[in-house]
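These notes concern the structure reproduced below.
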Amino acid sequence: MSKQEYKELEQLYTDASHWSINAGDETIHAKRIAGRFRSYKWYASSLWLLFFITPYFRWEGQQAILFDIPHRQFHFWSLTIWPQDVWMLSLVLILLAITLFAVTAIAGRVWCGYFCFQTVWTDWFTWLENRIEGNPIQRRKLDAAPWTARKIRLKLTKHSLWLIISILTGVTFTAYFTDAYQLWVDYLSLQAALIAWIVLASFIFFTYVFAGFMREQVCFWLCPYARIQSVMVDKDTELPTYDLARGEPRGKVHRNASTEQKGDCIDCRLCVGVCPTGVDIREGMQEGCITCGMCIDACDSIMDKVKRPRGLIRYASRKELNGQPLPAVFKRPRVITYGIILFLSTAGIIYGLTHIPPVELSVVHERQPLFTQMSDGSIQNKYTIKAVNKTTQALKFHLRVTGLDGVDVRMPDGDIITLQAEGTIPFHVFLRVKASQLKKKKTKIRFILESFDTIDKMKLKKRSVFIGPAQ
Amino acid sequence: MAKQNKPQQVPDTGYEWDGIRELTNPPPRWWMISFHASWIFCVIYFILYPSIPLIHDSNKGLLGWTQIKEFKEAVAENDAIKAPYLKKIAEMDNQALLADPAMRNFAESSAKAIFGDFCAGCHGAGGQGALGLFPNLSDDNWLYGGDLDTIIETITDGREGSMPAHIEMIDEAGINTLTDFVIASSQGKATPEGLAYFNEAGCADCHGENAAGGDGAPNLTDTIWRFGSSRDEVLRTIRYGVNEDPEDVPQTRIAKMPAFEGKLSPESIKMLAVKVHQLGGGK
């Protein structure tokens, strides 16, 4: 091996130290400092308090938001959504996905940095850790220290508080699926259903492990959205960025030494110290960065101290740093496209929510046999009608059939159809007609159900066919 | 094994090729945790569940779990849920059962699988039957009666209709006359002479004086045919009869409905009867 080749190999090993991947071997103890983005993070995470209180809201005598899986109903204040309306769910999912895409295209992983439950819960957990065990230096020292009474006391306090948050998280999540007040009674008296215990146990486990131990590892290795969002970012996207031209060459500040040849970065590494995922933003945008802006707060505080302008690390796009003009947000093709999809799906959801039919009707023509010849020579067809009454009162309907002259409508329970509140009872309808009335093998007909007895008259129509022998 | 994935610091195996060292980097911790959790799971599973194939059988496992046991438990659970309804079905009066939409629906849905298992083989999935072989259950033409009581009786005891072969009793001209009459009767064009001969030949003993049918004997004045409406089919029925001993009369028609008493519980038969009644022609 030549000297030159050997040098290249050495270089490879040096590079390799940069590849060193944080696979959870060392706990990241991030320093917490006050600042603009720190405040934003608190505001965003306080939104999650809504998650904890919402299940206790009541509306019209029942839980305001309730996913009633056994009854297949979703209660949302006065709205009740039935499985038949579930097409709206796909629009909601599209809305959420496109919102994520649009926000990421404009300002990077805003969701990850400020709103994501993984970030927020981890933030709460580390806040507690900071209060109990002290700052990162003290924490590292404590971790390395032998087990003393003090260490046991501190660790016990911390883990108990973590567990309390985990338990509250689990109970709250379960409370969205059953009566929240009754759930507490059931849990406290150990009478809860098995499934409630399983959900609670898994939520306690995953909250405790994900927010307490895995933390940034979840964002690195488990979360698919983190990876999806990486490809949403382009040269227009505003991200926390280190201004390379201004900062380099970095160097420590020495008293009496000229700093003119050096850049503004004083290499204090505070930006790395405050990072909850342990990345060095000066190496550029990278997969670990959740764009939470903690490094901006840190760097600004240092720039203030050394009397240099703020913004060495700031929200900036690649184009901005290269001195190129940034197109206005609503002139970017991607933003326009996302905007249109957002508008359409929102319009669809609003239409759906305001047009939920109170009664859902389906008419199924019997397939075997398609028709039956009766002893007087007439032709009979059998239909199964399923009508879901989504209202909270029984409804009565008259049924008639149009499109076929002289048709005889036969129902097992007489002419009046009673639909019980919030229920479905399928029933058969037989249509009989003289063979001479049939002009074609297949006649298009329409079932019409008209309500009476109710204030709002309802008229439901459903197309079907009447089938006879070949003519 | 080394504790950390640091390429520069980990010890190597001592092998080096052209300056490239073989490091002893460990697998990631999560991987090791999963690995140990997996084999521990396997050992526990092997102890608890049947999993090791032995010469005659597998090991039993501490839990004594078997697939068939789990199936039977599930069936028992289902039966327990259905039991109160079945009791109600058994106690309910036939007319009351048909008039109660909820119970009628329960009976119909419960009978769906029984119908598929025991009836659909001949009568078809929707009771449409097969022309000339098995009667259509969805029309309003009944040989023995289409009320619930009679349907229950039919399913419980089975049915075996009979019609004598006339090939040796009546001459060819007579059989042709009868055939013409029966076909005309179905079209509403019966002649008094035909009806007179029909009575004279003794057909009216079963089919009635006006050929309008009797208990088990089809109505010959309607448009529905048990064995087919073509002249050849009618001729065959009159010549060779129904359910004659096939050794004497090989061409005879076979029309046998088996009895389900003992094969099905009375509740199942009752629910089945409700389903048949609701197929389209119940009386």
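Letters for chains follow the order of the structure tokens (A, B, ...), residue numbers begin at 1 for each chain, and ligand numbers begin at 1 in the order shown.
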Using only C-alpha atoms, select each residue of chain B with any atom at most 6 Å away from an atom of chain A, and give the selection as a VMD selection string. chain B and resid 126 128 139 to 141 222 to 224
Neighbouring residues of segment 158-166 of chain B were defined as those with any atom within 6 Å, considering only C-alpha atoms; residues of the same chain fewer than 5 positions away were excluded. Please report them as a CSV table (one decimal) with C-alpha atoms, in the first residue's frame.
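Saved as out33.csv:
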chain,number,residue,atom,x,y,z
B,238,ILE,CA,-99.0,-40.1,-16.8
B,239,ARG,CA,-97.4,-43.2,-18.3
B,240,TYR,CA,-94.9,-44.0,-15.5
B,241,GLY,CA,-96.3,-42.2,-12.5
B,242,VAL,CA,-94.4,-40.9,-9.5
B,243,ASN,CA,-92.4,-42.9,-6.9
B,256,LYS,CA,-88.8,-37.8,-2.2
B,257,MET,CA,-88.3,-35.3,0.5
B,258,PRO,CA,-86.3,-36.8,3.5
B,259,ALA,CA,-87.5,-36.4,7.1
Non-local contacts of Ala201 of chain B (12 Å; only C-alpha atoms; under 3 positions in same chain excluded) as a PyMOL selection string: chain B and resi 166+169-171+174-175+177-178+194-198+204-207+209+238
Show me, as a PyMOL selection string, the residues that have an atom within 8 Å of Thr156 of chain B when counting only C-alpha atoms, minus same-chain residues fewer than 6 positions from it. chain B and resi 259-261+269
Written file, previous selection with N, CA and C atoms, as a PDB file, in the first residue's frame:
ATOM      1  N   ALA B 259     -87.050 -36.917   5.782  1.00  0.00           N
ATOM      2  CA  ALA B 259     -87.525 -36.408   7.061  1.00  0.00           C
ATOM      3  C   ALA B 259     -86.331 -35.856   7.835  1.00  0.00           C
ATOM      4  N   PHE B 260     -86.532 -34.730   8.517  1.00  0.00           N
ATOM      5  CA  PHE B 260     -85.431 -34.129   9.257  1.00  0.00           C
ATOM      6  C   PHE B 260     -85.576 -34.276  10.762  1.00  0.00           C
ATOM      7  N   GLU B 261     -86.590 -35.019  11.175  1.00  0.00           N
ATOM      8  CA  GLU B 261     -86.747 -35.246  12.602  1.00  0.00           C
ATOM      9  C   GLU B 261     -85.526 -36.026  13.081  1.00  0.00           C
ATOM     10  N   ILE B 269     -86.041 -26.608  13.050  1.00  0.00           N
ATOM     11  CA  ILE B 269     -87.064 -26.889  12.035  1.00  0.00           C
ATOM     12  C   ILE B 269     -88.071 -25.745  11.980  1.00  0.00           C
TER      13      ILE B 269
END
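The smallest atom-to-atom distance between Gly468 of chain A and any of A:Ile455, A:Leu438, A:Val274, A:Leu361, using only C-alpha atoms, is found for A:Leu438.
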For segment 310-313 of chain A, please output as a list of chain:residue names all residues within 8 Å (counting only C-alpha atoms; exclusion window: fewer than 2 positions along the same chain). A:Pro240, A:Thr241, A:Tyr242, A:Asp243, A:Arg246, A:Gly247, A:Asp264, A:Cys265, A:Cys295, A:Ile296, A:Cys299, A:Asp300, A:Met303, A:Asp304, A:Arg308, A:Tyr315
Among segment 154-235 of chain B, which residues does DSSP mark as helix (DSSP H, G or I) when it is run on the backbone? Keep the chain and numbering as in the structure and answer as an NGL selection string. :B and (154-157 or 172-186 or 192-200 or 204-207 or 231-235)
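Taking only C-alpha atoms, the non-local environment of segment 201-204 of chain A within 7 Å (same-chain residues fewer than 3 positions away omitted) comprises Ser166, Ile167, Gly170, Trp197, Ile198, Thr207 and Tyr208 of chain A.
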Got time to write the residues from that selection, all heavy atoms, as a PDB file, in the first residue's frame?
ATOM      1  N   SER A 166     -47.977   8.915  32.358  1.00  0.00           N
ATOM      2  CA  SER A 166     -48.317   7.804  31.452  1.00  0.00           C
ATOM      3  C   SER A 166     -49.702   7.257  31.761  1.00  0.00           C
ATOM      4  O   SER A 166     -50.489   6.980  30.852  1.00  0.00           O
ATOM      5  CB  SER A 166     -47.288   6.684  31.579  1.00  0.00           C
ATOM      6  OG  SER A 166     -45.997   7.187  31.410  1.00  0.00           O
ATOM      7  N   ILE A 167     -50.000   7.121  33.058  1.00  0.00           N
ATOM      8  CA  ILE A 167     -51.313   6.588  33.437  1.00  0.00           C
ATOM      9  C   ILE A 167     -52.408   7.543  32.993  1.00  0.00           C
ATOM     10  O   ILE A 167     -53.406   7.129  32.394  1.00  0.00           O
ATOM     11  CB  ILE A 167     -51.375   6.345  34.963  1.00  0.00           C
ATOM     12  CG1 ILE A 167     -50.438   5.199  35.348  1.00  0.00           C
ATOM     13  CG2 ILE A 167     -52.796   6.039  35.413  1.00  0.00           C
ATOM     14  CD1 ILE A 167     -50.193   5.077  36.835  1.00  0.00           C
ATOM     15  N   GLY A 170     -52.954   7.230  29.333  1.00  0.00           N
ATOM     16  CA  GLY A 170     -53.686   6.015  28.988  1.00  0.00           C
ATOM     17  C   GLY A 170     -55.162   6.111  29.321  1.00  0.00           C
ATOM     18  O   GLY A 170     -56.019   5.780  28.493  1.00  0.00           O
ATOM     19  N   TRP A 197     -58.323  -2.405  30.112  1.00  0.00           N
ATOM     20  CA  TRP A 197     -57.046  -2.647  30.792  1.00  0.00           C
ATOM     21  C   TRP A 197     -55.916  -2.802  29.782  1.00  0.00           C
ATOM     22  O   TRP A 197     -54.811  -2.308  29.995  1.00  0.00           O
ATOM     23  CB  TRP A 197     -57.125  -3.902  31.667  1.00  0.00           C
ATOM     24  CG  TRP A 197     -57.957  -3.721  32.899  1.00  0.00           C
ATOM     25  CD1 TRP A 197     -59.135  -4.347  33.189  1.00  0.00           C
ATOM     26  CD2 TRP A 197     -57.695  -2.857  34.019  1.00  0.00           C
ATOM     27  NE1 TRP A 197     -59.617  -3.934  34.402  1.00  0.00           N
ATOM     28  CE2 TRP A 197     -58.767  -3.023  34.951  1.00  0.00           C
ATOM     29  CE3 TRP A 197     -56.681  -1.973  34.332  1.00  0.00           C
ATOM     30  CZ2 TRP A 197     -58.829  -2.331  36.148  1.00  0.00           C
ATOM     31  CZ3 TRP A 197     -56.752  -1.290  35.537  1.00  0.00           C
ATOM     32  CH2 TRP A 197     -57.810  -1.466  36.429  1.00  0.00           C
ATOM     33  N   ILE A 198     -56.205  -3.493  28.685  1.00  0.00           N
ATOM     34  CA  ILE A 198     -55.157  -3.709  27.679  1.00  0.00           C
ATOM     35  C   ILE A 198     -54.731  -2.371  27.078  1.00  0.00           C
ATOM     36  O   ILE A 198     -53.544  -2.076  26.949  1.00  0.00           O
ATOM     37  CB  ILE A 198     -55.651  -4.680  26.580  1.00  0.00           C
ATOM     38  CG1 ILE A 198     -55.867  -6.069  27.184  1.00  0.00           C
ATOM     39  CG2 ILE A 198     -54.660  -4.739  25.430  1.00  0.00           C
ATOM     40  CD1 ILE A 198     -56.515  -7.063  26.240  1.00  0.00           C
ATOM     41  N   THR A 207     -46.025   5.162  26.502  1.00  0.00           N
ATOM     42  CA  THR A 207     -45.745   6.541  26.900  1.00  0.00           C
ATOM     43  C   THR A 207     -44.464   6.572  27.724  1.00  0.00           C
ATOM     44  O   THR A 207     -43.557   7.378  27.487  1.00  0.00           O
ATOM     45  CB  THR A 207     -46.913   7.109  27.732  1.00  0.00           C
ATOM     46  OG1 THR A 207     -48.129   6.886  27.042  1.00  0.00           O
ATOM     47  CG2 THR A 207     -46.736   8.588  27.986  1.00  0.00           C
ATOM     48  N   TYR A 208     -44.381   5.674  28.689  1.00  0.00           N
ATOM     49  CA  TYR A 208     -43.237   5.625  29.596  1.00  0.00           C
ATOM     50  C   TYR A 208     -41.948   5.329  28.833  1.00  0.00           C
ATOM     51  O   TYR A 208     -40.943   6.011  29.005  1.00  0.00           O
ATOM     52  CB  TYR A 208     -43.525   4.550  30.637  1.00  0.00           C
ATOM     53  CG  TYR A 208     -42.491   4.393  31.719  1.00  0.00           C
ATOM     54  CD1 TYR A 208     -42.252   5.397  32.647  1.00  0.00           C
ATOM     55  CD2 TYR A 208     -41.777   3.205  31.837  1.00  0.00           C
ATOM     56  CE1 TYR A 208     -41.317   5.227  33.653  1.00  0.00           C
ATOM     57  CE2 TYR A 208     -40.834   3.026  32.839  1.00  0.00           C
ATOM     58  CZ  TYR A 208     -40.601   4.045  33.744  1.00  0.00           C
ATOM     59  OH  TYR A 208     -39.683   3.878  34.733  1.00  0.00           O
TER      60      TYR A 208
END
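Separating atom CA of Gln73 of chain A from atom CA of Tyr56 of chain A is a distance of 18.3 Å.
One distance worth recording is that between atom CA of Arg400 of chain A and atom CA of Ala470 of chain A, which is 25.5 Å.
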